[in-house]
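Peer 1: Starting off with a structure, shown below.
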Number of protein chains: 2
Amino acid sequence: MRSTPHAETFPAHTPAAAQVFTAVLSHGPLTRLEAGRRTGLSPAAVTKAVRPLLASGYLVEGGGPEEGGTAGEARPALGRPAGLVRVNGERALFAGVKATGDELIAVLTDLCCRVRLARRAPLPDRAAGPALAALTDLVHELLAHAAESNAPVAGLGIAVSGDVDRAEGVVRYSPFLDWRDVPLAELAATACGLPVTVDNDVRALTVAEQWFGAGAGLSDFALVTVGAGIGCGLVVHGRVVAGAHGVAGEIGHLVADPAGPLCHCGNRGCVEAIAGDAAIAARIREVTGRDVPDSAAAVALAHQGVPGAREVYARAGEAIGRGIATVANLLGPERVIISGEGLAAYDLFAEQIRQAFTTAAFGSAARCDVQTRPLPFEEWARGAAATAIQTFITHGTGSGKG
Amino acid sequence: MRSTPHAETFPAHTPAAAQVFTAVLSHGPLTRLEAGRRTGLSPAAVTKAVRPLLASGYLVEGGGPEEGGTAGEARPALGRPAGLVRVNGERALFAGVKATGDELIAVLTDLCCRVRLARRAPLPDRAAGPALAALTDLVHELLAHAAESNAPVAGLGIAVSGDVDRAEGVVRYSPFLDWRDVPLAELAATACGLPVTVDNDVRALTVAEQWFGAGAGLSDFALVTVGAGIGCGLVVHGRVVAGAHGVAGEIGHLVADPAGPLCHCGNRGCVEAIAGDAAIAARIREVTGRDVPDSAAAVALAHQGVPGAREVYARAGEAIGRGIATVANLLGPERVIISGEGLAAYDLFAEQIRQAFTTAAFGSAARCDVQTRPLPFEEWARGAAATAIQTFITHGTGSGKG
């Protein structure tokens with residue numbers, strides 16, 4: 001086991017402390033009164049939760065540098081209501097890594113989940129062993145940078161697509177990496193010398209969106225990602241849905257057309273089997289007879305007006321729109337955010353997504369606000385760092401277990 | 001406006017009071033410590049919430065008559081841990097009514113939602129005016145019975161299928177009653193002289209299942225009802241999902257087969273258009289050429305082995321199973337409870353439901369516990385009474401508004 005920079009622990013791992021800390025983290029400086037309003041806690045409970053966080057420097061009094069205060073000062077900034085507390089971003093650092101099928105994307109963030117450094121590395125071999133070695137090298141680059149500051153690195157978050165058991169730290173099945181039952185948290189913790197949180201990549205991105213993105217302030221929203229896979233993160237009653245058995249948000253495996261193409265999951269006509277990158281490329285190859293090495297080539301053929309290519313995107317859009325309507329009909333979210341690397345082709349199926357959604361949404365479910373939002377992979381890696389911060393503030397250490 | 005028996009108010013309409021009261025209501029007598037554990041509230045917060053509820057007689061100390069104590073006594077019962085509190089069922093009564101397309105089912109319950117009296121009345125005319133008159137007569141029967149006890153009737157809950165805006169008390173659209181934008185809460189409050197809560201019938205039944213039924217103690221479950229409509233109540237993170245725009249749980253309008261029969265919602269192949277009572281009867285009529293006046297006749301033809309009839313049920317079961325798998329893939333509930341009057345035909349499609357569910361469930365979502373549970377319409381009416389109790393304890397009066 002490599003050396004840990006600092007065995008950092010969060011002082012008060014009570015639900016109230018985590019709630020107050022998260023509210024201050026995502027909403028910026030808050031008065032205790034406002035923190036109570038946002039968490040539903042009594043003023044006494046907020047005061048009790050805040051005290052050890054102030055004493056240990058995780059929270060500081062004042063509005064913060066960007067709001068006109070000075071980092072760490074105890075006096076409230078001029079013209080600001082007294083009693084504001086904010087997260088002291090300098091107090092700890094976190095690393096986040098998103099793994100795609102052929103690349104690792106890593107960020108180093110502060111405790112406010114602001115990105116300090118971003119790095120990418122290719123993933124020439126997807127097998128768990130070589131992938132772990134590449135990940136360890138990348139994390140050590142971040143750690144070397146972190147060593148220049150005084151702040152300890154308190155945790156690492158890793159985001160992987162597929163069926164991920166966060167509590168156990170195990171990747172149960174990741175189709176794009178072709179991994180089954182990989183105890184990634186344990187392996188990475190040993191290799192990197194950090195407490196590790198492993199989560200499904202879309203759920204990790206959903207945490208980032210909930211804290212800092214288009215889901216901030218909403219108690220119910222969905223994030224739908226289109227690209228290699230079609231994923232969905234769900235926030236219901238203010239919390240990310242994880243599923244009792246680790247599976248949730250599997251919009252990619254809703255059946256859009258029982259007579260459709262075979263999916264890697266064994267069923268026919270799944271949304272992913274119609275609208276995933278590989279499915280689109282394969283179908284365009286079939287329809288046009290051209291060589292379609294990747295998604296960029298598929299998009300190019302459609303943009304060039306090669307007969308049949310646009311229709312493939314239209315059908316994909318219809319499947320995605322129907323999947324989004326399913327989410328809206330079951331959960332009635334306030335907003336659905338569409339993102340993912342597939343947005344590069346969005347002009348090719350935006351209209352069909354919207355039309356299929358409007359047609360299949362039942363009654364006032366159609367009033368759901370559907371919007372697109374480009375989020376680069378660095379944002380997914382930031383989501384992974386956010387899951388590490390979550391673990392740190394809820395479990396008292398950076399380790400997801402226990 | 002008719003006379004109200006008693007303008008009853010709940011003493012402490014804080015979130016904490018409602019949480020503690022609900023925990024004690026659904027789990028039976030609890031110590032303050034246990035109530036704190038179940039609600040996540042601090043001991044101080046529980047004590048503060050309990051005090052006015054004890055003072056006003058909504059809670060009483062002791063294990064209760066059925067647990068060996070005596071109603072209302074302040075001493076803990078022999079052999080019981082000290083400090084138990086329980087709901088004083090005698091303190092207030094509630095009425096609950098479930099409306100189907102041709103019948104009203106009503107119950108009078110105590111504050112513990114135990115049924116004191118159940119009554120049914122036919123609904124010869126579904127138009128809002130005559131239906132309201134029939135409902136008013138039925139509620140007055142309950143009130144006459146209630147007048148024999150000392151307890152005030154503190155609220156009326158009405159459960160109606162379709163798109164119901166509980167906050168506004170309006171039935172936006174109920175296909176089976178053919179109602180649009182009926183301000184039912186206001187009309188019924190005036191006619192019955194009681195504060196009224198109106199909710200979607202499946203959501204109301206879900207509240208009863210969460211408090212007292214197969215969902216008790218589960219933070220995430222789904223209730224799927226098969227019959228005239230195919231409905232779904234969802235509990236996520238311990239709370240019933242209502243939808244940001246009033247629509248949620250619309251499993252009946254998930255598209256099971258885009259090439260399927262036309263649904264009343266305008267789409268093709270909705271689960272309800274394949275597996276709803278009317279759809280099944282219509283299809284069996286078409287396939288067999290026989291007269292199929294109602295569901296009982298449809299079931300009889302299938303049981304008699306009339307060629308083609310069983311296949312119609314098989315297809316219905318497949319659509320229902322696929323709908324349940326969709327819920328499991330998106331939300332990963334611990335349990336799915338199947339109920340509704342359609343259970344009368346359950347032997348005809350149970351196997352197809354299970355098979356379609358298992359096939360379409362993604363990965364460990366298949367580990368969800370799917371079970372059936374017959375719930376008569378009186379249980380739905382009890383759910384309606386439960387929504388009235390909810391309103392009473394969360395709003396401080398029996399009225400859903402405000």
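Here, A, B, ... name the chains of the structure tokens in the order displayed, residue numbers run from 1 inside each chain, and ligands are numbered from 1 in the same displayed order.
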Tell me which protein, DNA and RNA residues are within 9 Å of region 38-53 of chain A, counting only C-alpha atoms, leaving out same-chain ones fewer than 2 positions away, and put them as JSON, numbers by chain.
Peer 2: {"A": [10, 11, 12, 14, 16, 17, 18, 19, 20, 21, 23, 32, 33, 34, 35, 36, 55, 56, 57, 58, 59, 60, 85], "B": [15, 16, 41, 42, 45]}
Peer 1: For those residues, write C-alpha atoms to a file as a compact mmCIF listing (two decimals), in the first residue's frame.
Peer 2:
# COMPACT_ATOMS: atom_id res chain seq x y z
CA PHE A 10 -14.40 14.58 8.83
CA PRO A 11 -15.20 15.62 12.39
CA ALA A 12 -18.93 14.99 12.64
CA THR A 14 -23.97 12.66 11.64
CA ALA A 16 -27.36 16.55 10.20
CA ALA A 17 -23.70 17.51 9.67
CA ALA A 18 -23.69 15.98 6.19
CA GLN A 19 -26.99 17.72 5.32
CA VAL A 20 -25.81 21.14 6.52
CA PHE A 21 -22.43 20.76 4.85
CA ALA A 23 -26.48 22.62 1.66
CA ARG A 32 -27.62 29.21 9.85
CA LEU A 33 -31.27 30.19 9.45
CA GLU A 34 -31.16 29.57 5.69
CA ALA A 35 -29.26 26.28 6.20
CA GLY A 36 -32.05 25.23 8.57
CA ALA A 55 -13.65 24.24 14.80
CA SER A 56 -11.91 21.87 12.39
CA GLY A 57 -11.82 24.37 9.54
CA TYR A 58 -14.17 22.61 7.10
CA LEU A 59 -16.57 25.51 7.35
CA VAL A 60 -15.55 29.11 7.91
CA VAL A 85 -20.93 30.18 6.85
CA PRO B 15 -42.79 18.60 9.82
CA ALA B 16 -41.31 16.98 12.95
CA LEU B 41 -34.84 13.38 14.55
CA SER B 42 -32.84 14.16 17.68
CA ALA B 45 -36.80 17.25 18.69
Peer 1: With only C-alpha atoms counted and 6 Å as the cut-off, give the residues of chain B in contact with chain A, each with its shortest interatomic distance in Å and the pair that gives it, as a tab-separated table.
Peer 2:
residue	atom	partner	partner_atom	distance
B:Gly243	CA	A:Gly332	CA	3.9
B:Ala244	CA	A:Glu334	CA	5.3
B:His245	CA	A:Ser364	CA	6.0
B:Val247	CA	A:Gly332	CA	5.6
B:Ala248	CA	A:Leu330	CA	4.7
B:Gly249	CA	A:Leu330	CA	4.1
B:Glu250	CA	A:Asn329	CA	5.2
B:Asn329	CA	A:Glu250	CA	5.2
B:Leu330	CA	A:Gly249	CA	4.1
B:Leu331	CA	A:Ala248	CA	4.8
B:Gly332	CA	A:Gly243	CA	3.9
B:Pro333	CA	A:Ala244	CA	5.6
B:Glu334	CA	A:Ala244	CA	5.3
B:Ser364	CA	A:His245	CA	6.0
B:Ala365	CA	A:Val247	CA	5.6
Peer 1: As a PyMOL selection string, please: all residues of region 81-324 of chain B that backbone DSSP puts in helix (DSSP H, G or I).
Peer 2: chain B and resi 89-91+128-146+184-192+201-212+251-253+271-275+277-288+295-304+309-324
Peer 1: Which parts of region 112-305 of chain B does DSSP call strand (DSSP E or B) when run on the backbone here, written out as a ChimeraX atom specification?
Peer 2: /B:115-122,153-160,163-165,170-174,179-182,196-200,221-226,230-236,239-240,255,262,268,270
Peer 1: Need to verify the contact set: region 181-193 of chain A, 8 Å, only C-alpha atoms, exclusion of same-chain residues closer than 2 positions in sequence. Can you return it as a list in words?
Peer 2: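 What passes the distance filter is Met1, Arg2, Ser3, Thr4, Ala128, Leu132, Thr136, Val139, His140, Glu168, Gly169, Val170, Val171, Arg172, Tyr173, Trp179, Pro195, Val196, Thr197 and Val198 of chain A.
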Peer 1: Would you compute the distance between CA of Glu148 (chain B) and CA of Thr391 (chain B)? Give it in Å to one decimal.
Peer 2: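 CA of Glu148 (chain B) sits 24.7 Å away from CA of Thr391 (chain B).
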Peer 1: Find the residues near Ala279 (chain A): any atom within 9 Å, counting only C-alpha atoms, skip ones fewer than 4 places away on the same chain, and give them as a list in words.
Peer 2: Ala228, Pro261, Cys263, Glu272, Ala273, Ile274, Ala275, Arg283 and Ile284 of chain A
Peer 1: Looking at A:Asp369, A:Asp110, A:Asp277, A:Glu378, which one is nearest to Ile324 (chain A), with distances taken over only C-alpha atoms?
Peer 2: A:Asp369
Peer 1: Write out as a PyMOL selection string each polymer residue whose atoms come within 9 Å of Gly276 (chain B), counting only C-alpha atoms; drop sequence neighbours fewer than 4 positions from it.
Peer 2: chain B and resi 226-230+252+271-272+280-281+316+342
Peer 1: Write the residues of the preceding selection, restricted to all heavy atoms, as a PDB file, in the first residue's frame.
Peer 2:
ATOM      1  N   VAL B 226     -54.020  -3.762 -11.202  1.00  0.00           N
ATOM      2  CA  VAL B 226     -54.572  -4.182 -12.492  1.00  0.00           C
ATOM      3  C   VAL B 226     -56.081  -4.305 -12.353  1.00  0.00           C
ATOM      4  O   VAL B 226     -56.589  -4.733 -11.327  1.00  0.00           O
ATOM      5  CB  VAL B 226     -53.942  -5.525 -12.959  1.00  0.00           C
ATOM      6  CG1 VAL B 226     -52.447  -5.372 -13.141  1.00  0.00           C
ATOM      7  CG2 VAL B 226     -54.213  -6.650 -11.986  1.00  0.00           C
ATOM      8  N   GLY B 227     -56.788  -3.882 -13.387  1.00  0.00           N
ATOM      9  CA  GLY B 227     -58.247  -3.901 -13.355  1.00  0.00           C
ATOM     10  C   GLY B 227     -58.762  -3.027 -14.482  1.00  0.00           C
ATOM     11  O   GLY B 227     -58.268  -3.122 -15.605  1.00  0.00           O
ATOM     12  N   ALA B 228     -59.745  -2.164 -14.176  1.00  0.00           N
ATOM     13  CA  ALA B 228     -60.280  -1.261 -15.203  1.00  0.00           C
ATOM     14  C   ALA B 228     -59.120  -0.459 -15.804  1.00  0.00           C
ATOM     15  O   ALA B 228     -58.986  -0.338 -17.021  1.00  0.00           O
ATOM     16  CB  ALA B 228     -61.320  -0.344 -14.596  1.00  0.00           C
ATOM     17  N   GLY B 229     -58.261   0.062 -14.944  1.00  0.00           N
ATOM     18  CA  GLY B 229     -57.040   0.724 -15.404  1.00  0.00           C
ATOM     19  C   GLY B 229     -55.841  -0.049 -14.887  1.00  0.00           C
ATOM     20  O   GLY B 229     -55.980  -0.951 -14.064  1.00  0.00           O
ATOM     21  N   ILE B 230     -54.666   0.302 -15.404  1.00  0.00           N
ATOM     22  CA  ILE B 230     -53.432  -0.272 -14.858  1.00  0.00           C
ATOM     23  C   ILE B 230     -52.693   0.891 -14.211  1.00  0.00           C
ATOM     24  O   ILE B 230     -52.243   1.807 -14.914  1.00  0.00           O
ATOM     25  CB  ILE B 230     -52.543  -0.909 -15.957  1.00  0.00           C
ATOM     26  CG1 ILE B 230     -53.358  -1.799 -16.895  1.00  0.00           C
ATOM     27  CG2 ILE B 230     -51.375  -1.662 -15.334  1.00  0.00           C
ATOM     28  CD1 ILE B 230     -53.823  -3.111 -16.313  1.00  0.00           C
ATOM     29  N   GLY B 252     -49.717   2.506 -16.793  1.00  0.00           N
ATOM     30  CA  GLY B 252     -50.741   2.126 -17.775  1.00  0.00           C
ATOM     31  C   GLY B 252     -50.506   2.746 -19.136  1.00  0.00           C
ATOM     32  O   GLY B 252     -51.004   2.243 -20.146  1.00  0.00           O
ATOM     33  N   VAL B 271     -49.821  -0.137 -22.068  1.00  0.00           N
ATOM     34  CA  VAL B 271     -50.100  -1.306 -21.232  1.00  0.00           C
ATOM     35  C   VAL B 271     -51.617  -1.420 -20.985  1.00  0.00           C
ATOM     36  O   VAL B 271     -52.194  -2.496 -21.086  1.00  0.00           O
ATOM     37  CB  VAL B 271     -49.325  -1.208 -19.895  1.00  0.00           C
ATOM     38  CG1 VAL B 271     -49.739  -2.326 -18.952  1.00  0.00           C
ATOM     39  CG2 VAL B 271     -47.819  -1.268 -20.135  1.00  0.00           C
ATOM     40  N   GLU B 272     -52.254  -0.296 -20.684  1.00  0.00           N
ATOM     41  CA  GLU B 272     -53.689  -0.298 -20.396  1.00  0.00           C
ATOM     42  C   GLU B 272     -54.534  -0.674 -21.617  1.00  0.00           C
ATOM     43  O   GLU B 272     -55.598  -1.276 -21.476  1.00  0.00           O
ATOM     44  CB  GLU B 272     -54.092   1.090 -19.880  1.00  0.00           C
ATOM     45  CG  GLU B 272     -55.432   1.148 -19.206  1.00  0.00           C
ATOM     46  CD  GLU B 272     -55.564   2.408 -18.346  1.00  0.00           C
ATOM     47  OE1 GLU B 272     -54.793   2.555 -17.381  1.00  0.00           O
ATOM     48  OE2 GLU B 272     -56.415   3.244 -18.665  1.00  0.00           O
ATOM     49  N   ILE B 280     -59.185  -6.100 -22.634  1.00  0.00           N
ATOM     50  CA  ILE B 280     -59.210  -7.562 -22.670  1.00  0.00           C
ATOM     51  C   ILE B 280     -60.564  -8.052 -23.175  1.00  0.00           C
ATOM     52  O   ILE B 280     -60.647  -8.907 -24.072  1.00  0.00           O
ATOM     53  CB  ILE B 280     -58.897  -8.145 -21.274  1.00  0.00           C
ATOM     54  CG1 ILE B 280     -57.423  -7.895 -20.914  1.00  0.00           C
ATOM     55  CG2 ILE B 280     -59.209  -9.642 -21.221  1.00  0.00           C
ATOM     56  CD1 ILE B 280     -57.032  -8.333 -19.518  1.00  0.00           C
ATOM     57  N   ALA B 281     -61.646  -7.489 -22.618  1.00  0.00           N
ATOM     58  CA  ALA B 281     -62.996  -7.904 -23.036  1.00  0.00           C
ATOM     59  C   ALA B 281     -63.205  -7.647 -24.526  1.00  0.00           C
ATOM     60  O   ALA B 281     -63.723  -8.505 -25.257  1.00  0.00           O
ATOM     61  CB  ALA B 281     -64.041  -7.169 -22.200  1.00  0.00           C
ATOM     62  N   ALA B 316     -51.818  -9.803 -22.288  1.00  0.00           N
ATOM     63  CA  ALA B 316     -51.998  -8.801 -21.234  1.00  0.00           C
ATOM     64  C   ALA B 316     -50.936  -8.979 -20.153  1.00  0.00           C
ATOM     65  O   ALA B 316     -50.326  -8.004 -19.691  1.00  0.00           O
ATOM     66  CB  ALA B 316     -53.401  -8.908 -20.640  1.00  0.00           C
ATOM     67  N   GLY B 342     -58.362  -6.853 -10.965  1.00  0.00           N
ATOM     68  CA  GLY B 342     -57.914  -7.766 -12.019  1.00  0.00           C
ATOM     69  C   GLY B 342     -57.263  -9.033 -11.484  1.00  0.00           C
ATOM     70  O   GLY B 342     -57.042  -9.993 -12.228  1.00  0.00           O
TER      71      GLY B 342
END
Peer 1: Residues at most 10 Å from region 347-350 of chain A, counting only C-alpha atoms, excluding those fewer than 6 positions away in the same chain, as a list of chain:residue names?
Peer 2: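 Returned residues: A:Val299, A:Ala302, A:His303, A:Ala309, A:Arg310, A:Glu311, A:Val312, A:Tyr313, A:Ala314, A:Arg315, A:Ala316, A:Gly317, A:Glu318, A:Ile320, A:Gly321, A:Thr372.
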Peer 1: Write the residues of the preceding selection, restricted to C-alpha atoms, as a compact mmCIF listing (two decimals), in the first residue's frame.
Peer 2:
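This is the output file result-v5.txt:
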# COMPACT_ATOMS: atom_id res chain seq x y z
CA VAL A 299 -22.53 11.83 -38.01
CA ALA A 302 -25.82 11.88 -42.01
CA HIS A 303 -24.72 15.48 -42.43
CA ALA A 309 -28.34 7.76 -42.62
CA ARG A 310 -30.61 10.50 -41.35
CA GLU A 311 -33.45 8.02 -40.89
CA VAL A 312 -31.26 6.00 -38.53
CA TYR A 313 -30.80 9.07 -36.34
CA ALA A 314 -34.50 9.83 -36.56
CA ARG A 315 -35.33 6.38 -35.25
CA ALA A 316 -32.74 6.78 -32.49
CA GLY A 317 -34.31 10.10 -31.49
CA GLU A 318 -37.72 8.50 -31.34
CA ILE A 320 -34.74 8.32 -26.74
CA GLY A 321 -37.85 10.52 -26.68
CA THR A 372 -29.91 19.89 -23.34
Peer 1: List as an NGL selection string the protein and nucleic acid residues near Thr288 (chain B), meaning an atom at most 8 Å away when only C-alpha atoms are counted, but skip any in the same chain fewer than 5 places from it.
Peer 2: :B and (306-309)
Peer 1: Could you save those same residues with N, CA and C atoms as a PDB file, in the first residue's frame?
Peer 2:
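Full text of result-v9.pdb as output:
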ATOM      1  N   VAL B 306     -62.272 -21.483 -24.351  1.00  0.00           N
ATOM      2  CA  VAL B 306     -62.713 -21.024 -25.675  1.00  0.00           C
ATOM      3  C   VAL B 306     -61.488 -20.557 -26.459  1.00  0.00           C
ATOM      4  N   PRO B 307     -61.278 -21.096 -27.656  1.00  0.00           N
ATOM      5  CA  PRO B 307     -60.039 -20.815 -28.400  1.00  0.00           C
ATOM      6  C   PRO B 307     -59.765 -19.320 -28.560  1.00  0.00           C
ATOM      7  N   GLY B 308     -58.554 -18.912 -28.256  1.00  0.00           N
ATOM      8  CA  GLY B 308     -58.131 -17.525 -28.426  1.00  0.00           C
ATOM      9  C   GLY B 308     -58.222 -16.683 -27.166  1.00  0.00           C
ATOM     10  N   ALA B 309     -59.111 -17.061 -26.233  1.00  0.00           N
ATOM     11  CA  ALA B 309     -59.333 -16.208 -25.058  1.00  0.00           C
ATOM     12  C   ALA B 309     -58.111 -16.193 -24.141  1.00  0.00           C
TER      13      ALA B 309
END
